[in-house]
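The block underneath contains the structure these notes are about, expressed in C-alpha cells.
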Amino acid sequence: MSTASASVTVRDDAGATVTLRQPAKRVITLTPHATELVAAIAPHALVAVDRFSNYPPAVTKLPRVGDYAALNIEGIVSLKPDLVISWEGEANDAATRRLRELGIEVFNSRPDTVEAIASNLERLGSLLGQPQRGQVLADAQRRSLAGLQQRYAGLRKVRVFLQLGDQPMYTVSKKAFLGRALVDCGATTPYGDDAAMVPLASLETVLQFRPDVILVDGDQSLLGRWQRFPAVPAVVNRRVFPLQGDALVRPGPRFVGAMAQLCSWVDTARGGKLP
C-alpha cells in the first residue's frame, strides 16, 4: 500500500492515540509552535492557524480560529480538517474534547525539550505523509543539540536569571524547554529545581543569587530597571541582554538554532564574544 493511502497511528504528547485512515491533507494548528512544526514538514497542508501564529510569514494569510483561551469551534469544523494540533491546557481542554466528540482527530503537542521537538517532527511527519522529511528535520535538531552540549560541557557554570514579564515577574525552571536549554548552555538558575515550569520570581531571591547574566523577555524599559542594582555582577559587567524574537520562546523547529544565541549570552560571563 502506498504512503499516500496507508493509515497511520502515533501517540501524542499526552499519551493519547491518534489514528488517521490516510495522511492528513487539511490541518489546523492552535498554537504557534505547532504551526511552525507543520510548516517545516508540509506547509501546503495548513488550512487555518491560531491568532498568534506569525511564522513562516505565509501563515499570516491563513484564516484564524482563535487562541488558547477562546477557540472558534464552528469555524474549525467548517474548514473540515482531518487533523487539529493543539497545546492543551485548562483554557481549551473543553474545546479540544468537543472536537474529538465531533470525530476530528486532535494531536496534543507540548514539547518540553529539543528531543521532544525532534520527536514531534517525526510523529507529525508520519501523520502528514512525510515521514522522511520529518526524520531529516528531527535528526538535524538532535545533531545541533549534541554540538551545543559538547561545546559547553565541562565549562564553568554561569549564574543566569531569565526574566519573563514584570509585576508579576516570572522565570523558568528546568521543567521548561527554555530552562533545559540554559542547563545545556552551562547555566545555573535560581529557580531551576522549582516544581512549576514557569515559577513566580522574587526580586529579593534574584538579588541574593547575584546572576552573572540576566536575560529579559520584555521591552527595553525592563532592561533599564536592572541599573538600579549596580552590585549585581550582570549589571556591573553589562551582561543584561534582551531575548530577541520569538524563536526562543516557542518549542518549534527554529528553537535549537536560537539556542546557539542563548548559549553565547551565557558564555559572555566566561569571556566569550557575542556573534
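Just remember, in the C-alpha cells the first chain shown is A, the second B, etc., residues are 1-based per chain, and ligands are 1-based in the order shown.
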Within 9 Å of Cys263 of chain A, counting only C-alpha atoms, which residues show up once you throw out same-chain ones fewer than 4 positions away? Write them as a ChimeraX atom specification, please.
/A:148,152,181-182,184-187,258-259,267-268
Selected residues written out with N, CA and C atoms, as a PDB file, in the first residue's frame:
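Produced file part_37.pdb, reproduced below:
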```
ATOM      1  N   LEU A 148      25.991  21.661  20.539  1.00  0.00           N
ATOM      2  CA  LEU A 148      25.991  22.676  21.590  1.00  0.00           C
ATOM      3  C   LEU A 148      26.362  22.071  22.940  1.00  0.00           C
ATOM      4  N   TYR A 152      29.779  23.167  25.261  1.00  0.00           N
ATOM      5  CA  TYR A 152      29.722  23.827  26.564  1.00  0.00           C
ATOM      6  C   TYR A 152      29.867  22.865  27.744  1.00  0.00           C
ATOM      7  N   ALA A 181      17.348  24.280  28.141  1.00  0.00           N
ATOM      8  CA  ALA A 181      18.356  24.821  27.237  1.00  0.00           C
ATOM      9  C   ALA A 181      19.438  25.566  28.008  1.00  0.00           C
ATOM     10  N   LEU A 182      19.048  26.296  29.041  1.00  0.00           N
ATOM     11  CA  LEU A 182      20.029  27.007  29.854  1.00  0.00           C
ATOM     12  C   LEU A 182      20.998  26.026  30.521  1.00  0.00           C
ATOM     13  N   ASP A 184      21.873  23.135  29.313  1.00  0.00           N
ATOM     14  CA  ASP A 184      22.767  22.655  28.259  1.00  0.00           C
ATOM     15  C   ASP A 184      23.827  23.691  27.901  1.00  0.00           C
ATOM     16  N   CYS A 185      23.523  24.969  28.137  1.00  0.00           N
ATOM     17  CA  CYS A 185      24.495  26.033  27.888  1.00  0.00           C
ATOM     18  C   CYS A 185      25.485  26.189  29.039  1.00  0.00           C
ATOM     19  N   GLY A 186      25.305  25.418  30.099  1.00  0.00           N
ATOM     20  CA  GLY A 186      26.197  25.500  31.253  1.00  0.00           C
ATOM     21  C   GLY A 186      25.788  26.538  32.267  1.00  0.00           C
ATOM     22  N   ALA A 187      24.491  26.833  32.347  1.00  0.00           N
ATOM     23  CA  ALA A 187      23.987  27.832  33.290  1.00  0.00           C
ATOM     24  C   ALA A 187      23.358  27.175  34.508  1.00  0.00           C
ATOM     25  N   ALA A 258      18.123  29.090  17.632  1.00  0.00           N
ATOM     26  CA  ALA A 258      18.136  30.244  18.525  1.00  0.00           C
ATOM     27  C   ALA A 258      18.874  29.935  19.817  1.00  0.00           C
ATOM     28  N   MET A 259      18.915  28.664  20.188  1.00  0.00           N
ATOM     29  CA  MET A 259      19.606  28.255  21.410  1.00  0.00           C
ATOM     30  C   MET A 259      21.094  28.569  21.341  1.00  0.00           C
ATOM     31  N   ASP A 267      27.811  32.499  27.671  1.00  0.00           N
ATOM     32  CA  ASP A 267      29.257  32.375  27.557  1.00  0.00           C
ATOM     33  C   ASP A 267      29.995  33.698  27.722  1.00  0.00           C
ATOM     34  N   THR A 268      29.285  34.825  27.610  1.00  0.00           N
ATOM     35  CA  THR A 268      29.958  36.115  27.821  1.00  0.00           C
ATOM     36  C   THR A 268      30.539  36.207  29.221  1.00  0.00           C
TER      37      THR A 268
END
```
Would you return as a VMD selection string the members of segment 25-267 of chain A that DSSP assigns to strand (DSSP E or B) on this structure's backbone?
chain A and resid 27 to 29 46 to 49 64 66 to 67 70 to 71 83 to 86 106 to 108 158 to 164 170 187 to 188 200 213 to 217 240 to 242
Save the residues we just selected, C-alpha atoms, as an mmCIF file, in the first residue's frame?
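What ended up in again-v6.cif:
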```
data_model
loop_
_atom_site.group_PDB
_atom_site.id
_atom_site.type_symbol
_atom_site.label_atom_id
_atom_site.label_comp_id
_atom_site.auth_asym_id
_atom_site.auth_seq_id
_atom_site.Cartn_x
_atom_site.Cartn_y
_atom_site.Cartn_z
ATOM 1 C CA VAL A 27 -4.512 20.632 9.133
ATOM 2 C CA ILE A 28 -5.414 23.331 11.650
ATOM 3 C CA THR A 29 -2.904 24.396 14.296
ATOM 4 C CA LEU A 46 -2.222 24.115 6.650
ATOM 5 C CA VAL A 47 -5.751 25.484 6.201
ATOM 6 C CA ALA A 48 -6.023 27.634 9.365
ATOM 7 C CA VAL A 49 -3.973 28.691 12.386
ATOM 8 C CA ARG A 64 -7.606 32.478 12.185
ATOM 9 C CA GLY A 66 -8.983 31.901 17.889
ATOM 10 C CA ASP A 67 -6.309 31.293 20.500
ATOM 11 C CA ALA A 70 -11.047 31.054 23.051
ATOM 12 C CA LEU A 71 -11.327 28.715 20.080
ATOM 13 C CA LEU A 83 -6.167 16.831 11.902
ATOM 14 C CA VAL A 84 -6.045 19.555 14.558
ATOM 15 C CA ILE A 85 -2.846 20.162 16.501
ATOM 16 C CA SER A 86 -3.249 21.735 19.921
ATOM 17 C CA VAL A 106 -6.537 16.076 17.734
ATOM 18 C CA PHE A 107 -2.798 15.738 18.318
ATOM 19 C CA ASN A 108 -1.603 17.238 21.606
ATOM 20 C CA VAL A 158 27.370 30.599 34.958
ATOM 21 C CA ARG A 159 24.668 32.068 37.198
ATOM 22 C CA VAL A 160 21.824 33.212 34.960
ATOM 23 C CA PHE A 161 18.442 34.756 35.640
ATOM 24 C CA LEU A 162 15.879 34.743 32.850
ATOM 25 C CA GLN A 163 13.081 37.270 33.360
ATOM 26 C CA LEU A 164 9.626 36.780 31.871
ATOM 27 C CA TYR A 170 8.236 35.061 36.239
ATOM 28 C CA ALA A 187 23.987 27.832 33.290
ATOM 29 C CA THR A 188 22.608 27.554 36.793
ATOM 30 C CA LEU A 200 6.872 33.336 40.107
ATOM 31 C CA VAL A 213 23.969 37.178 33.191
ATOM 32 C CA ILE A 214 20.394 38.470 33.069
ATOM 33 C CA LEU A 215 18.171 37.693 30.086
ATOM 34 C CA VAL A 216 14.960 39.701 29.735
ATOM 35 C CA ASP A 217 11.895 38.816 27.678
ATOM 36 C CA VAL A 240 21.839 42.257 30.728
ATOM 37 C CA PHE A 241 20.524 41.103 27.345
ATOM 38 C CA PRO A 242 17.087 41.175 25.677
#
```
List every residue of segment 76-260 of chain A that DSSP, applied to the backbone, labels as helix (DSSP H, G or I), and write the result as an MDAnalysis selection string.
chainID A and resid 76:78 93:101 114:127 131:152 177:184 203:209 220:228 233:236 247:249 255:260
Mind running segment 157-201 of chain A against segment 110-123 of chain A at 7 Å and telling me each contacting residue's nearest atom pair with the distance in Å (one decimal), counting only C-alpha atoms, chain and number ascending, as a tab-separated table?
```
residue	atom	partner	partner_atom	distance
A:Ala176	CA	A:Asp112	CA	5.6
A:Phe177	CA	A:Asp112	CA	4.3
A:Arg180	CA	A:Thr113	CA	6.7
```
Hey, can you spit out that residue selection with N, CA, C and O atoms as a PDB file, in the first residue's frame?
```
ATOM      1  N   ALA A 176      10.880  23.451  31.990  1.00  0.00           N
ATOM      2  CA  ALA A 176      10.519  24.150  30.757  1.00  0.00           C
ATOM      3  C   ALA A 176      11.611  23.963  29.716  1.00  0.00           C
ATOM      4  O   ALA A 176      12.792  23.830  30.053  1.00  0.00           O
ATOM      5  N   PHE A 177      11.244  23.964  28.438  1.00  0.00           N
ATOM      6  CA  PHE A 177      12.246  23.740  27.388  1.00  0.00           C
ATOM      7  C   PHE A 177      13.321  24.815  27.407  1.00  0.00           C
ATOM      8  O   PHE A 177      14.489  24.540  27.165  1.00  0.00           O
ATOM      9  N   ARG A 180      15.662  23.958  30.305  1.00  0.00           N
ATOM     10  CA  ARG A 180      16.562  22.865  29.954  1.00  0.00           C
ATOM     11  C   ARG A 180      17.687  23.369  29.044  1.00  0.00           C
ATOM     12  O   ARG A 180      18.836  22.942  29.142  1.00  0.00           O
TER      13      ARG A 180
END
```
From atom CA of Asp93 of chain A to atom CA of Ala14 of chain A the spacing works out at 11.9 Å
From the set A:Ser144, A:Asp193, A:Phe229, A:Pro63, which residue has the shortest atom-to-atom contact distance to Gly179 of chain A, counting only C-alpha atoms?
A:Asp193
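Computed from the coordinates, the atom CA of Val77 of chain A to atom CA of Leu99 of chain A distance equals 7.9 Å.
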Restricting to only C-alpha atoms, whichever of A:Leu223, A:Ala58, A:Ile41, A:Ala269 is closest to Gly129 of chain A is A:Ile41
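Straight-line separation from atom CA of Asn72 of chain A to atom CA of Val249 of chain A: 24.8 Å.
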